[in-house]
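Visitor: Below is one structure. I have some questions about it.
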Amino acid sequence: MHNYPIGTPGTPWSKEEKKQWRDNQTIKRSYRDEVISRMPQLPFGYDIVQYGALPYDTGRYPLLSIRPATFNPSLPTVLITGGVHGYETSGVQGALKFAREHLASWTDKCNFVIVPCVSPWGYETVNRWNPLALDPNRNFKANSAAPESALLKAMVDDIEEPVHMHIDLHETTDTDNTEFRPALAARDGTSHDIWNIPDGFYLVADSKKVELAFQEAIIHQVRQVTHIAPADEHGKIIGVSLLSDGVIGYDKKALFLCGGLTDAPYVTTTEVYPDSPQATAGVCNDAQVAAIIGGLRFILL
């Protein structure tokens, strides 16, 4: 078991340990400066709509979406989410970059709902969890205790057209092994294996509806921007067997992941590796944009 400075190994955290963890967190960057102020000028017919605010500080953490003023029922609806894990920066900035540079080129083909930053407290404190020591990406369920998850789920459930494609933008980082998995083991009083962090981009499909040609089309598009993560010596990525080059699968609904929010037939989660010596922040953002475009080109064939 990896030692962690809070709690007793083998004993789940009480409210006191969770408070100790929360009290150790500090603001490291500004949601207002890096997200709200970067919301783009939108094409005609699109609005920025606030769908809630986090109760930790409702003024500081409004939850924003980009969506059509009126959905066109003859077009497929596409959901793009970023920042479910606030520390995964390119998910947030990649979603904003797509909205800023590419959205206008696609609005005659799809209805877009874009949520650039699901977890703004996590973005500011560079955290996987919310202040309650909950992972929003394990809490997309009825009566969720995670406000980030509950508010997004309510908004998505109210989308007036069925979602055809959902891309959830994430990263896998070195801090998964150095901080976040050890913290999870400490919180739960269990042991978590340290896994090999894959050097490169990969996708997590929904194992109940893989749609492998869709996943492979995204990998093809991203490969033009950055390298695809190889399998480890066991033929796996983060402990999961490959379905195709750079593609693994999780049961998203069973795990209450963001990718399980809808019944969309085309679903994937991107995973960018920002700590690669071959990567830069710009490359990571571009990889997220390429993933979105690759998915769009496939569903519109």
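Chain labels A, B, ... are given in the sequence in which chains occur in the structure tokens; within each chain residues are numbered consecutively from 1, and ligands are likewise numbered from 1 in the order shown.
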List the spatial neighbours of Tyr46 (chain A) as number ranges by chain - criterion: any atom at most 8 Å away, only C-alpha atoms, same-chain residues fewer than 3 positions off excluded.
Guide: A: 42-43, 66-69
Visitor: Might you pull out every residue within 10 Å of Leu151 (chain A), with only C-alpha atoms counted and same-chain residues fewer than 6 positions away left off, and present them as JSON, numbers by chain?
Guide: {"A": [51, 52, 53, 54, 63, 118, 140, 144, 157]}
Visitor: Give me, as a PyMOL selection string, the residues of region 187-285 of chain A that a backbone DSSP run labels strand (DSSP E).
Guide: chain A and resi 202-206+236-237+240-241+247-250+266-272
Visitor: Report as a tab-separated table the residues of region 132-158 of chain A within 10 Å of region 245-264 of chain A, each with its shortest atom pair and distance in Å (one decimal), using only C-alpha atoms, ordered by chain and increasing residue number.
Guide:
```
residue	atom	partner	partner_atom	distance
A:Asp135	CA	A:Leu257	CA	9.8
A:Pro136	CA	A:Leu257	CA	8.1
A:Asn137	CA	A:Leu257	CA	4.9
A:Arg138	CA	A:Phe256	CA	4.9
A:Asn139	CA	A:Phe256	CA	5.4
A:Phe140	CA	A:Phe256	CA	4.8
A:Lys141	CA	A:Phe256	CA	6.0
A:Ala142	CA	A:Phe256	CA	9.7
A:Ser144	CA	A:Phe256	CA	9.8
A:Ser149	CA	A:Cys258	CA	8.0
A:Leu152	CA	A:Leu261	CA	9.0
A:Lys153	CA	A:Leu261	CA	6.7
A:Ala154	CA	A:Leu261	CA	9.9
A:Val156	CA	A:Leu261	CA	7.5
A:Asp157	CA	A:Thr262	CA	7.9
```
Visitor: For each of A:Ser191, A:Asn143, A:Ser90, A:Thr226, take the minimum atom-to-atom distance to Pro116 (chain A), counting only C-alpha atoms, then give the residue where this is smallest.
Guide: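 Closest residue, counting only C-alpha atoms: A:Ser90.
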Visitor: Write out as a list in words the residues lying within 8 Å of Arg22 (chain A), counting only C-alpha atoms and excluding same-chain residues fewer than 4 positions away.
Guide: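 With the cut-off at 8 Å, the set is Lys18, Pro131, Leu132 and Ala133 of chain A.
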Visitor: What's the 12 Å shell around Glu211 (chain A), counting only C-alpha atoms, without same-chain residues fewer than 6 positions away, as a tab-separated table (two decimals) with N, CA and C atoms, in the first residue's frame?
Guide:
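File written: selection-v3.tsv
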```tsv
chain	number	residue	atom	x	y	z
A	165	MET	N	-23.96	11.73	-30.17
A	165	MET	CA	-22.55	11.52	-29.89
A	165	MET	C	-22.17	12.28	-28.64
A	204	VAL	N	-11.19	5.65	-24.24
A	204	VAL	CA	-11.95	4.68	-23.46
A	204	VAL	C	-13.36	4.62	-24.04
A	205	ALA	N	-13.65	3.53	-24.73
A	205	ALA	CA	-14.97	3.31	-25.29
A	205	ALA	C	-15.92	2.81	-24.19
A	217	ALA	N	-11.76	5.85	-36.06
A	217	ALA	CA	-11.76	7.09	-36.83
A	217	ALA	C	-11.19	8.24	-36.02
A	218	ILE	N	-11.49	8.26	-34.73
A	218	ILE	CA	-10.94	9.30	-33.85
A	218	ILE	C	-9.43	9.11	-33.69
A	243	LEU	N	-8.88	-3.02	-27.18
A	243	LEU	CA	-9.89	-3.40	-28.16
A	243	LEU	C	-9.39	-3.15	-29.57
A	244	SER	N	-8.50	-2.17	-29.69
A	244	SER	CA	-7.88	-1.78	-30.95
A	244	SER	C	-6.71	-0.89	-30.57
A	247	VAL	N	-7.25	1.93	-27.96
A	247	VAL	CA	-8.65	1.91	-27.52
A	247	VAL	C	-8.84	0.83	-26.45
A	248	ILE	N	-9.39	1.21	-25.31
A	248	ILE	CA	-9.83	0.27	-24.29
A	248	ILE	C	-11.30	0.55	-23.99
A	249	GLY	N	-11.90	-0.23	-23.10
A	249	GLY	CA	-13.31	-0.03	-22.80
A	249	GLY	C	-13.63	-0.18	-21.33
A	264	ALA	N	-26.56	7.86	-26.01
A	264	ALA	CA	-25.97	8.11	-27.33
A	264	ALA	C	-25.32	6.84	-27.87
A	265	PRO	N	-25.52	6.54	-29.16
A	265	PRO	CA	-24.87	5.36	-29.72
A	265	PRO	C	-23.37	5.51	-29.89
A	266	TYR	N	-22.90	6.75	-29.98
A	266	TYR	CA	-21.47	7.00	-30.18
A	266	TYR	C	-20.92	7.76	-28.98
A	267	VAL	N	-20.07	7.07	-28.21
A	267	VAL	CA	-19.57	7.60	-26.95
A	267	VAL	C	-18.09	7.27	-26.83
A	268	THR	N	-17.29	8.23	-26.40
A	268	THR	CA	-15.90	7.92	-26.08
A	268	THR	C	-15.38	8.93	-25.06
A	295	GLY	N	-14.56	12.38	-34.53
A	295	GLY	CA	-15.86	11.81	-34.23
A	295	GLY	C	-16.96	12.39	-35.08
A	298	PHE	N	-16.94	11.06	-38.60
A	298	PHE	CA	-17.45	9.70	-38.69
A	298	PHE	C	-18.97	9.66	-38.65
A	299	ILE	N	-19.58	10.35	-37.69
A	299	ILE	CA	-21.04	10.23	-37.56
A	299	ILE	C	-21.77	10.91	-38.70
```
Visitor: May I ask which of the residues A:Ile228, A:Leu184, A:Leu203, A:Ile167 is the closest one to Val240 (chain A), counting only C-alpha atoms?
Guide: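 Among the listed residues, the smallest separation from Val240 (chain A) belongs to A:Leu203.
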